[in-house]
file coords-v2.txt (compact mmCIF, C-alpha atoms and all ligand atoms)
# COMPACT_ATOMS: atom_id res chain seq x y z
CA LEU A 133 71.45 69.43 138.01
CA ASN A 134 71.04 66.67 135.49
CA GLN A 135 67.78 68.16 134.19
CA ASP A 136 69.85 70.92 132.56
CA ILE A 137 71.94 68.54 130.47
CA ASP A 138 71.46 68.75 126.74
CA ILE A 139 71.47 65.03 126.03
CA ASP A 140 71.32 65.47 122.25
CA GLN A 141 74.39 67.71 122.28
CA LEU A 142 76.23 65.37 124.64
CA ALA A 143 75.48 62.41 122.37
CA LYS A 144 76.81 64.32 119.34
CA ASP A 145 79.98 65.28 121.22
CA VAL A 146 80.58 61.69 122.28
CA VAL A 147 80.37 60.54 118.65
CA THR A 148 83.09 63.05 117.70
CA ALA A 149 85.27 61.54 120.46
CA ASP A 150 85.25 64.74 122.52
CA ARG A 151 87.06 63.52 125.63
CA ARG A 152 85.33 65.83 128.08
CA ALA A 153 81.94 64.77 126.72
CA LEU A 154 82.96 61.14 127.03
CA ALA A 155 84.03 61.60 130.64
CA ARG A 156 80.74 63.38 131.35
CA ALA A 157 78.77 60.63 129.61
CA ILE A 158 80.38 57.90 131.67
CA SER A 159 79.71 59.84 134.88
CA LEU A 160 76.07 60.03 133.86
CA ILE A 161 76.01 56.28 133.30
CA GLU A 162 77.55 55.79 136.75
CA GLU A 163 74.83 57.92 138.31
CA GLY A 164 72.12 56.02 136.48
CA GLY A 165 68.62 57.39 136.06
CA LYS A 166 66.73 58.93 133.21
CA PRO A 167 69.52 61.05 131.57
CA ALA A 168 71.68 57.92 131.43
CA ARG A 169 68.90 55.96 129.77
CA GLN A 170 68.27 58.72 127.23
CA LEU A 171 71.94 58.95 126.39
CA THR A 172 72.41 55.21 125.98
CA SER A 173 69.37 54.96 123.78
CA ARG A 174 70.70 57.77 121.51
CA LEU A 175 74.14 56.21 121.22
CA PHE A 176 73.30 52.52 120.99
CA VAL A 177 73.18 52.63 117.20
CA HIS A 178 76.79 53.86 117.11
CA SER A 179 78.13 50.97 119.17
CA GLY A 180 79.34 47.56 118.08
CA LYS A 181 82.36 48.47 115.98
CA SER A 182 85.16 48.11 118.54
CA HIS A 183 86.96 44.96 119.54
CA LEU A 184 86.29 44.39 123.24
CA ILE A 185 89.04 42.88 125.35
CA GLY A 186 88.28 41.78 128.92
CA ILE A 187 91.22 41.43 131.28
CA THR A 188 90.52 39.74 134.57
CA GLY A 189 92.47 38.20 137.45
CA SER A 190 93.05 38.53 141.18
CA PRO A 191 94.19 41.84 142.69
CA GLY A 192 97.92 42.40 142.27
CA VAL A 193 98.61 39.91 139.48
CA GLY A 194 99.64 42.82 137.24
CA LYS A 195 96.56 43.51 135.11
CA SER A 196 97.05 47.29 135.03
CA THR A 197 100.75 46.90 134.30
CA LEU A 198 99.88 44.58 131.43
CA VAL A 199 97.22 46.98 130.12
CA ASP A 200 99.83 49.70 130.16
CA VAL A 201 102.23 47.76 127.91
CA LEU A 202 99.37 46.60 125.69
CA ILE A 203 98.40 50.23 125.12
CA GLY A 204 101.93 50.72 123.80
CA GLN A 205 101.53 47.78 121.37
CA ILE A 206 98.15 49.01 120.18
CA ARG A 207 99.37 52.56 119.59
CA LYS A 208 102.34 51.24 117.61
CA GLN A 209 99.80 49.83 115.13
CA GLY A 210 98.18 53.24 114.88
CA LEU A 211 94.99 52.00 116.52
CA SER A 212 93.10 53.92 119.19
CA VAL A 213 92.24 52.39 122.54
CA ALA A 214 89.99 53.10 125.50
CA VAL A 215 90.42 51.46 128.88
CA LEU A 216 87.66 51.06 131.43
CA ALA A 217 89.05 49.94 134.77
CA ILE A 218 86.42 48.68 137.17
CA ASP A 219 87.60 49.66 140.62
CA PRO A 220 86.69 47.19 143.29
CA SER A 221 84.80 48.83 146.14
CA SER A 222 86.97 47.04 148.66
CA PRO A 223 88.91 49.51 150.84
CA PHE A 224 91.95 47.21 150.69
CA SER A 225 92.58 48.05 147.07
CA GLY A 226 92.63 51.83 147.54
CA GLY A 227 96.37 51.91 147.01
CA ALA A 228 96.22 49.86 143.85
CA ILE A 229 93.69 52.25 142.33
CA LEU A 230 95.97 55.19 142.94
CA GLY A 231 98.87 53.21 141.50
CA ASP A 232 96.87 52.52 138.33
CA ARG A 233 96.20 56.19 137.80
CA ILE A 234 99.78 57.27 138.27
CA ARG A 235 101.15 54.58 136.01
CA MET A 236 98.74 55.16 133.18
CA GLN A 237 99.18 58.91 133.34
CA GLU A 238 101.85 59.01 130.66
CA HIS A 239 99.19 57.98 128.15
CA THR A 240 96.75 60.69 129.11
CA LEU A 241 98.27 63.25 126.76
CA ASP A 242 97.87 60.86 123.82
CA GLU A 243 94.65 61.64 121.90
CA GLY A 244 94.38 58.00 120.80
CA VAL A 245 94.12 56.75 124.38
CA PHE A 246 91.27 57.22 126.82
CA ILE A 247 91.51 55.80 130.34
CA ARG A 248 88.75 55.86 132.85
CA SER A 249 88.00 54.01 136.04
CA MET A 250 84.51 53.33 137.15
CA ALA A 251 83.36 52.81 140.71
CA ASN A 252 81.92 49.47 141.58
CA LYS A 253 78.78 50.94 143.08
CA GLY A 254 76.00 48.57 143.95
CA GLN A 255 73.41 50.11 141.67
CA SER A 256 70.06 48.67 140.80
CA GLY A 257 70.75 46.17 138.07
CA GLY A 258 74.30 45.77 139.26
CA ILE A 259 77.63 46.96 138.04
CA ALA A 260 77.52 44.78 134.95
CA ILE A 261 74.69 46.71 133.30
CA ALA A 262 76.34 50.10 133.92
CA THR A 263 79.57 48.70 132.52
CA TYR A 264 77.91 47.47 129.32
CA ASP A 265 76.49 50.98 128.80
CA ALA A 266 79.82 52.66 129.54
CA VAL A 267 81.58 50.36 127.07
CA ARG A 268 79.05 51.35 124.41
CA MET A 269 79.88 55.04 125.04
CA LEU A 270 83.51 54.24 124.27
CA GLU A 271 82.47 52.33 121.16
CA ALA A 272 80.30 55.21 120.01
CA ALA A 273 83.34 57.48 120.37
CA GLY A 274 85.03 55.27 117.78
CA TYR A 275 87.87 53.62 119.69
CA ASP A 276 89.21 50.66 117.73
CA ILE A 277 89.83 48.69 120.89
CA VAL A 278 88.12 48.85 124.27
CA ILE A 279 89.82 47.15 127.22
CA ILE A 280 87.80 46.33 130.31
CA GLU A 281 89.96 45.60 133.36
CA THR A 282 88.12 43.85 136.18
CA VAL A 283 89.08 42.02 139.33
CA GLY A 284 88.06 38.46 138.71
CA VAL A 285 86.68 37.54 142.06
CA GLY A 286 82.92 37.90 142.09
CA GLN A 287 80.10 36.90 139.78
CA SER A 288 79.52 40.42 138.49
CA GLU A 289 83.19 40.80 137.56
CA LEU A 290 82.93 37.54 135.70
CA ALA A 291 79.87 38.85 133.88
CA ILE A 292 81.82 41.92 132.84
CA ALA A 293 84.72 39.87 131.55
CA LEU A 294 82.27 37.75 129.58
CA ALA A 295 80.95 40.87 127.88
CA ALA A 296 84.22 41.02 125.96
CA ASP A 297 84.94 39.55 122.54
CA THR A 298 88.27 38.24 123.81
CA THR A 299 88.88 37.41 127.46
CA ILE A 300 92.36 37.38 128.97
CA LEU A 301 92.80 35.65 132.31
CA VAL A 302 95.91 36.89 134.14
CA LEU A 303 97.60 34.64 136.68
CA MET A 304 100.88 34.80 138.55
CA PRO A 305 103.17 32.10 139.90
CA GLY A 306 102.95 30.96 143.48
CA SER A 307 99.62 32.57 144.26
CA GLY A 308 97.52 29.43 144.04
CA ASP A 309 95.39 31.33 141.53
CA ASP A 310 95.91 28.61 138.96
CA ILE A 311 94.52 25.96 141.30
CA GLN A 312 91.67 28.30 142.22
CA ALA A 313 90.87 28.90 138.56
CA ILE A 314 90.92 25.20 137.78
CA LYS A 315 88.68 24.38 140.73
CA SER A 316 86.15 27.12 140.12
CA GLY A 317 85.63 26.23 136.48
CA ILE A 318 86.85 29.65 135.42
CA MET A 319 89.18 28.00 132.85
CA GLU A 320 86.37 27.92 130.32
CA ILE A 321 86.09 31.68 130.06
CA GLY A 322 89.69 32.43 129.05
CA ASP A 323 90.62 32.80 125.40
CA ILE A 324 94.15 33.77 126.36
CA PHE A 325 95.94 32.94 129.61
CA VAL A 326 98.78 35.16 130.70
CA ILE A 327 101.21 33.90 133.33
CA ASN A 328 102.43 37.31 134.43
CA LYS A 329 105.42 37.93 136.71
CA ALA A 330 107.21 35.17 134.83
CA ASP A 331 110.37 36.62 136.37
CA LEU A 332 109.26 35.16 139.71
CA PRO A 333 110.01 31.55 140.72
CA GLY A 334 107.45 28.89 139.82
CA ALA A 335 106.29 30.40 136.52
CA ASN A 336 107.05 27.24 134.53
CA LYS A 337 105.13 25.09 137.00
CA THR A 338 102.13 27.44 136.86
CA LYS A 339 102.21 27.36 133.08
CA ALA A 340 102.36 23.55 133.02
CA GLU A 341 99.40 23.33 135.40
CA ILE A 342 97.31 25.66 133.27
CA VAL A 343 98.26 23.88 130.05
CA SER A 344 97.29 20.48 131.45
CA ALA A 345 94.08 21.83 132.99
CA LEU A 346 93.15 23.27 129.60
CA GLU A 347 93.43 19.82 128.06
CA MET A 348 90.54 18.75 130.29
CA VAL A 349 88.31 21.64 129.26
CA PRO A 350 85.90 20.52 126.53
CA HIS A 351 86.30 22.43 123.27
CA THR A 352 83.23 24.33 122.23
CA THR A 353 84.92 26.07 119.29
CA ASP A 354 88.01 25.58 117.13
CA TRP A 355 89.95 28.12 119.17
CA ARG A 356 92.56 26.59 121.46
CA PRO A 357 93.30 28.90 124.40
CA LYS A 358 96.89 30.14 124.39
CA VAL A 359 99.09 30.32 127.47
CA ILE A 360 101.64 33.12 127.36
CA MET A 361 104.40 34.04 129.80
CA ALA A 362 104.91 37.72 130.53
CA ASN A 363 106.93 40.10 132.62
CA SER A 364 104.84 43.20 132.26
CA VAL A 365 107.20 45.44 134.19
CA ALA A 366 109.88 44.75 131.58
CA GLY A 367 107.34 44.60 128.74
CA ASP A 368 108.25 40.98 127.92
CA GLY A 369 105.43 39.00 126.37
CA ALA A 370 103.41 42.04 125.37
CA GLN A 371 104.10 41.55 121.67
CA GLU A 372 103.09 37.89 121.76
CA ILE A 373 99.92 38.79 123.65
CA TRP A 374 99.08 41.43 121.05
CA GLN A 375 99.67 38.99 118.19
CA THR A 376 97.48 36.39 119.88
CA LEU A 377 94.76 39.00 120.40
CA CYS A 378 94.87 39.72 116.67
CA ALA A 379 94.73 36.02 115.88
CA HIS A 380 91.70 35.57 118.13
CA LYS A 381 89.95 38.55 116.58
CA GLU A 382 90.58 37.08 113.14
CA PHE A 383 89.34 33.67 114.27
CA LEU A 384 86.12 35.23 115.58
CA SER A 385 85.39 37.06 112.34
CA ASN A 386 86.47 34.29 109.94
CA SER A 387 84.41 31.66 111.75
CA GLY A 388 81.41 33.95 112.11
CA LEU A 389 81.53 33.30 115.85
CA ILE A 390 81.71 37.01 116.63
CA LYS A 391 78.07 37.41 115.69
CA GLU A 392 76.99 34.38 117.69
CA ARG A 393 79.01 35.45 120.72
CA ARG A 394 77.62 38.97 120.73
CA GLN A 395 74.08 37.70 120.36
CA ALA A 396 74.53 35.39 123.33
CA LYS A 397 75.84 38.36 125.31
CA PHE A 398 72.85 40.48 124.46
CA GLN A 399 70.63 37.65 125.60
CA ALA A 400 72.45 37.53 128.95
CA GLU A 401 72.32 41.32 129.27
CA LEU A 402 68.61 41.45 128.50
CA SER A 403 67.92 38.72 131.00
CA GLU A 404 69.76 40.74 133.64
CA ILE A 405 67.95 43.97 132.81
CA VAL A 406 64.53 42.34 132.72
CA ALA A 407 65.14 40.73 136.12
CA ALA A 408 66.34 44.02 137.63
CA LYS A 409 63.40 45.97 136.21
CA ALA A 410 60.89 43.37 137.37
CA LYS A 411 62.32 43.56 140.86
CA ASP A 412 62.17 47.38 140.89
CA ARG A 413 58.54 47.28 139.85
CA PHE A 414 57.68 44.67 142.41
CA ILE A 415 59.22 46.78 145.18
CA LYS A 416 57.25 49.82 144.00
CA ALA A 417 54.04 47.80 143.75
CA MET A 418 54.41 46.63 147.35
CA SER A 419 53.63 50.17 148.48
CA THR A 420 51.33 51.32 145.69
CA SER A 421 49.32 48.38 144.38
CA PRO A 422 46.33 47.22 146.45
CA HIS A 423 46.27 44.04 144.36
CA VAL A 424 49.86 43.14 145.26
CA GLN A 425 49.25 44.04 148.91
CA LYS A 426 46.19 41.78 148.94
CA LEU A 427 48.20 38.89 147.49
CA LEU A 428 50.86 39.43 150.12
CA SER A 429 48.35 39.25 152.95
CA GLN A 430 46.84 36.12 151.45
CA VAL A 431 50.30 34.58 151.54
CA ALA A 432 50.78 35.72 155.13
CA GLU A 433 47.49 34.05 156.06
CA ARG A 434 48.65 30.90 154.21
CA LYS A 435 45.66 31.10 151.88
CA LEU A 436 47.94 31.39 148.84
CA ASP A 437 51.33 29.79 148.29
CA THR A 438 54.34 31.98 147.45
CA ASN A 439 54.86 30.49 144.00
CA SER A 440 51.28 31.10 142.87
CA ALA A 441 51.41 34.61 144.32
CA ALA A 442 54.63 35.35 142.43
CA GLU A 443 53.07 34.17 139.16
CA GLU A 444 50.03 36.35 139.78
CA ILE A 445 52.19 39.36 140.68
CA LEU A 446 54.32 38.92 137.57
CA SER A 447 51.36 38.84 135.25
CA SER A 448 49.86 41.89 136.90
CA LEU A 449 53.16 43.80 136.73
CA ILE A 450 53.75 43.26 133.03
CA GLY A 451 52.04 46.34 131.76
CA PRO A 452 53.49 49.64 130.61
CA HIS A 453 56.18 50.96 132.95
CA PRO A 454 54.46 53.25 135.49
CA ASP A 455 57.18 55.92 135.07
CA GLU A 456 57.60 55.79 131.31
CA LYS A 457 54.06 55.77 129.95
N1 LIG A 501 107.97 41.10 139.34
C1 LIG A 501 106.93 41.54 138.62
N2 LIG A 501 106.08 42.43 139.16
C2 LIG A 501 105.05 42.85 138.41
C3 LIG A 501 104.82 42.36 137.09
N3 LIG A 501 103.71 42.95 136.60
C4 LIG A 501 103.25 43.77 137.58
N4 LIG A 501 104.05 43.71 138.67
C5 LIG A 501 103.90 44.46 139.94
O1 LIG A 501 102.80 43.93 140.65
C6 LIG A 501 102.12 44.94 141.38
C7 LIG A 501 100.64 44.95 141.05
O2 LIG A 501 100.47 45.33 139.70
P1 LIG A 501 99.10 45.90 139.13
O3 LIG A 501 99.29 46.06 137.66
O4 LIG A 501 98.65 47.09 139.90
O5 LIG A 501 98.12 44.67 139.42
P2 LIG A 501 96.53 44.58 139.25
O6 LIG A 501 95.93 44.74 140.61
O7 LIG A 501 96.29 43.20 138.73
O8 LIG A 501 96.09 45.64 138.29
C8 LIG A 501 102.83 46.25 141.02
O9 LIG A 501 103.74 46.56 142.04
C9 LIG A 501 103.56 45.91 139.74
O10 LIG A 501 104.72 46.68 139.55
C10 LIG A 501 105.75 41.40 136.55
O11 LIG A 501 105.63 40.92 135.43
N5 LIG A 501 106.78 41.03 137.37
MG MG A 502 94.61 47.17 138.40
call {"tool": "encode", "arguments": {"input": "coords-v2.txt", "output": "structure tokens"}}
result
Amino acid sequence: LNQDIDIDQLAKDVVTADRRALARAISLIEEGGKPARQLTSRLFVHSGKSHLIGITGSPGVGKSTLVDVLIGQIRKQGLSVAVLAIDPSSPFSGGAILGDRIRMQEHTLDEGVFIRSMANKGQSGGIAIATYDAVRMLEAAGYDIVIIETVGVGQSELAIALAADTTILVLMPGSGDDIQAIKSGIMEIGDIFVINKADLPGANKTKAEIVSALEMVPHTTDWRPKVIMANSVAGDGAQEIWQTLCAHKEFLSNSGLIKERRQAKFQAELSEIVAAKAKDRFIKAMSTSPHVQKLLSQVAERKLDTNSAAEEILSSLIGPHPDEK
């Protein structure tokens, strides 16, 4: 089916922010494969102009509810926004996914808002790489702001959150999330901390814990992470969060850190892609390359150690890609 796609036309339609084309493009990215690679390579040059906001936190802390009220703030400024919600594959969160869709539906008639969830499929190269490509589709379509909502539990979700220019960590009182965050060293990744469900008991205590934990985190830049209370159901705190987002964006551009941060992200992304591609080629070579098979049997016979064999395999694999000559 995908062979029939006119990638050039699709790329052009994405650039004009044609919503159906954008939805199609992201589905292609999800599927992976050659059409996805062709599309991303056509559109890469159009990316890089949006401000990327990562919103992460445990399931149920109110990320989607917060995104919903943030969309309202962003639209009030006349800016356009795209949201990419990374659905966890866990069957336990099926209900939450449905809830997200229903809640955000009121925005779907607004031309300045695009909302899309993406399955957390275990693709080669991992979810993070597909997400980076999907985000670039949204950037190419010209959205001023792109929000990436992820469940901050695993390493790949963390990687996605780190792909943002500004990362918001959402916590709620009484969940022990604050302690978890402090213990796991996750404090360092937040530019803005939102204590959501501030209407529930214990919000002040949670805030105090986060504030004091932040004092222990070494400063690597002049930005001091902000801790903001919110009740996203009522919309309280949304304005302060929006203002802080603007302040952080301004800080990044005035200090020149935006460039540095994005470069570091590309380095991490490239490292991930190179590792994934090397692994793919190794797996292919196991069944096609007599040289690799010979090395493997030498290892099995203990004539060659695994480290030396790996070095040898790597140098023999680094040639033109067998499929893309
Ligand atoms: N009391 C209270 N409930 C909230 C607040 N924000 C979200 N919720 C509720 O928490 C539940 C989970 O919210 P959701 O946005 O789906 O969380 P997510 O899994 O982090 O995206 C929903 O029932 C929301 O209505 C809040 O500020 N206060
Ligand atoms: Mg959600």
call {"tool": "residues_around", "arguments": {"input": "coords-v2.txt", "residues": "A:His423", "least_positions_apart": "5", "cutoff": "12 Å", "atoms": "all atoms listed in the file", "output": "ChimeraX atom specification"}}
result
/A:414,417-418,428-430,441,444-449
call {"tool": "write_last_selection", "arguments": {"input": "coords-v2.txt", "atoms": "C-alpha atoms", "output": "mmCIF file, keeping the file's coordinate frame"}}
result
data_model
loop_
_atom_site.group_PDB
_atom_site.id
_atom_site.type_symbol
_atom_site.label_atom_id
_atom_site.label_comp_id
_atom_site.auth_asym_id
_atom_site.auth_seq_id
_atom_site.Cartn_x
_atom_site.Cartn_y
_atom_site.Cartn_z
ATOM 1 C CA PHE A 414 57.680 44.670 142.410
ATOM 2 C CA ALA A 417 54.040 47.800 143.750
ATOM 3 C CA MET A 418 54.410 46.630 147.350
ATOM 4 C CA LEU A 428 50.860 39.430 150.120
ATOM 5 C CA SER A 429 48.350 39.250 152.950
ATOM 6 C CA GLN A 430 46.840 36.120 151.450
ATOM 7 C CA ALA A 441 51.410 34.610 144.320
ATOM 8 C CA GLU A 444 50.030 36.350 139.780
ATOM 9 C CA ILE A 445 52.190 39.360 140.680
ATOM 10 C CA LEU A 446 54.320 38.920 137.570
ATOM 11 C CA SER A 447 51.360 38.840 135.250
ATOM 12 C CA SER A 448 49.860 41.890 136.900
ATOM 13 C CA LEU A 449 53.160 43.800 136.730
#
call {"tool": "residues_near_ligand", "arguments": {"input": "coords-v2.txt", "ligand": "ligand LIG 501 (chain A)", "cutoff": "9 Å", "atoms": "all atoms listed in the file", "output": "number ranges by chain"}}
result
A: 188-200, 217, 225, 227-229, 231-232, 235, 281-283, 302-304, 327-332, 361-368
call {"tool": "axis_aligned_box", "arguments": {"input": "coords-v2.txt", "around": "stretch 436-454 of chain A", "padding_each_side": "8 Å", "output": "AutoDock Vina command-line options"}}
result
--center_x 52.1 --center_y 41.5 --center_z 139.7 --size_x 24.2 --size_y 39.5 --size_z 34.2
call {"tool": "residues_around", "arguments": {"input": "coords-v2.txt", "residues": "A:Asp138", "least_positions_apart": "6", "cutoff": "12 Å", "atoms": "all atoms listed in the file", "output": "PyMOL selection string"}}
result
chain A and resi 144-145+153+156-157+167-168+170-171
call {"tool": "write_last_selection", "arguments": {"input": "coords-v2.txt", "atoms": "C-alpha atoms", "output": "PDB file, in the coordinates of the input"}}
result
ATOM      1  CA  LYS A 144      76.810  64.320 119.340  1.00  0.00           C
ATOM      2  CA  ASP A 145      79.980  65.280 121.220  1.00  0.00           C
ATOM      3  CA  ALA A 153      81.940  64.770 126.720  1.00  0.00           C
ATOM      4  CA  ARG A 156      80.740  63.380 131.350  1.00  0.00           C
ATOM      5  CA  ALA A 157      78.770  60.630 129.610  1.00  0.00           C
ATOM      6  CA  PRO A 167      69.520  61.050 131.570  1.00  0.00           C
ATOM      7  CA  ALA A 168      71.680  57.920 131.430  1.00  0.00           C
ATOM      8  CA  GLN A 170      68.270  58.720 127.230  1.00  0.00           C
ATOM      9  CA  LEU A 171      71.940  58.950 126.390  1.00  0.00           C
TER      10      LEU A 171
END
call {"tool": "closest_residue", "arguments": {"input": "coords-v2.txt", "among": "A:Met269, A:Lys391, A:Val215, A:Glu404", "to": "ligand MG 502 (chain A)", "atoms": "all atoms listed in the file"}}
result
A:Val215
call {"tool": "atom_distance", "arguments": {"input": "coords-v2.txt", "atom1": "atom CA of A:Ile373", "atom2": "atom MG of ligand MG 502 (chain A)"}}
result
17.8 Å
call {"tool": "residues_around", "arguments": {"input": "coords-v2.txt", "residues": "A:Thr376", "least_positions_apart": "5", "cutoff": "9 Å", "atoms": "all atoms listed in the file", "output": "PyMOL selection string"}}
result
chain A and resi 324+358+371+381
call {"tool": "atom_distance", "arguments": {"input": "coords-v2.txt", "atom1": "atom CA of A:Ala155", "atom2": "atom CA of A:Ala295"}}
result
21.1 Å
call {"tool": "atom_distance", "arguments": {"input": "coords-v2.txt", "atom1": "atom CA of A:Gln209", "atom2": "atom CA of A:Ala335"}}
result
29.6 Å
call {"tool": "residues_near_point", "arguments": {"input": "coords-v2.txt", "point": "(98.8, 27.0, 128.4)", "cutoff": "7 Å", "atoms": "all atoms listed in the file", "output": "NGL selection string"}}
result
:A and (325 or 339-340 or 342-343 or 346 or 358-360)
call {"tool": "build_atoms", "arguments": {"input": "coords-v2.txt", "residues": "stretch 351-365 of chain A", "atoms": "N, CA and C atoms", "output": "PDB file, keeping the file's coordinate frame"}}
result
ATOM      1  N   HIS A 351      86.264  21.384 124.295  1.00  0.00           N
ATOM      2  CA  HIS A 351      86.300  22.430 123.270  1.00  0.00           C
ATOM      3  C   HIS A 351      84.899  22.723 122.768  1.00  0.00           C
ATOM      4  N   THR A 352      84.542  23.987 122.801  1.00  0.00           N
ATOM      5  CA  THR A 352      83.230  24.330 122.230  1.00  0.00           C
ATOM      6  C   THR A 352      83.404  25.025 120.889  1.00  0.00           C
ATOM      7  N   THR A 353      84.641  25.469 120.596  1.00  0.00           N
ATOM      8  CA  THR A 353      84.920  26.070 119.290  1.00  0.00           C
ATOM      9  C   THR A 353      86.282  25.546 118.819  1.00  0.00           C
ATOM     10  N   ASP A 354      86.712  26.009 117.648  1.00  0.00           N
ATOM     11  CA  ASP A 354      88.010  25.580 117.130  1.00  0.00           C
ATOM     12  C   ASP A 354      89.177  26.371 117.711  1.00  0.00           C
ATOM     13  N   TRP A 355      88.866  27.349 118.561  1.00  0.00           N
ATOM     14  CA  TRP A 355      89.950  28.120 119.170  1.00  0.00           C
ATOM     15  C   TRP A 355      90.552  27.342 120.325  1.00  0.00           C
ATOM     16  N   ARG A 356      91.881  27.200 120.315  1.00  0.00           N
ATOM     17  CA  ARG A 356      92.560  26.590 121.460  1.00  0.00           C
ATOM     18  C   ARG A 356      93.187  27.697 122.287  1.00  0.00           C
ATOM     19  N   PRO A 357      92.753  27.834 123.557  1.00  0.00           N
ATOM     20  CA  PRO A 357      93.300  28.900 124.400  1.00  0.00           C
ATOM     21  C   PRO A 357      94.830  28.865 124.436  1.00  0.00           C
ATOM     22  N   LYS A 358      95.428  30.036 124.378  1.00  0.00           N
ATOM     23  CA  LYS A 358      96.890  30.140 124.390  1.00  0.00           C
ATOM     24  C   LYS A 358      97.364  30.524 125.785  1.00  0.00           C
ATOM     25  N   VAL A 359      98.497  29.979 126.180  1.00  0.00           N
ATOM     26  CA  VAL A 359      99.090  30.320 127.470  1.00  0.00           C
ATOM     27  C   VAL A 359     100.404  31.048 127.218  1.00  0.00           C
ATOM     28  N   ILE A 360     100.487  32.273 127.673  1.00  0.00           N
ATOM     29  CA  ILE A 360     101.640  33.120 127.360  1.00  0.00           C
ATOM     30  C   ILE A 360     102.311  33.617 128.637  1.00  0.00           C
ATOM     31  N   MET A 361     103.619  33.529 128.670  1.00  0.00           N
ATOM     32  CA  MET A 361     104.400  34.040 129.800  1.00  0.00           C
ATOM     33  C   MET A 361     104.678  35.534 129.589  1.00  0.00           C
ATOM     34  N   ALA A 362     104.626  36.291 130.671  1.00  0.00           N
ATOM     35  CA  ALA A 362     104.910  37.720 130.530  1.00  0.00           C
ATOM     36  C   ALA A 362     105.597  38.283 131.774  1.00  0.00           C
ATOM     37  N   ASN A 363     106.426  39.265 131.536  1.00  0.00           N
ATOM     38  CA  ASN A 363     106.930  40.100 132.620  1.00  0.00           C
ATOM     39  C   ASN A 363     106.542  41.514 132.214  1.00  0.00           C
ATOM     40  N   SER A 364     105.415  41.950 132.749  1.00  0.00           N
ATOM     41  CA  SER A 364     104.840  43.200 132.260  1.00  0.00           C
ATOM     42  C   SER A 364     105.622  44.434 132.690  1.00  0.00           C
ATOM     43  N   VAL A 365     106.375  44.310 133.775  1.00  0.00           N
ATOM     44  CA  VAL A 365     107.200  45.440 134.190  1.00  0.00           C
ATOM     45  C   VAL A 365     108.276  45.709 133.145  1.00  0.00           C
TER      46      VAL A 365
END
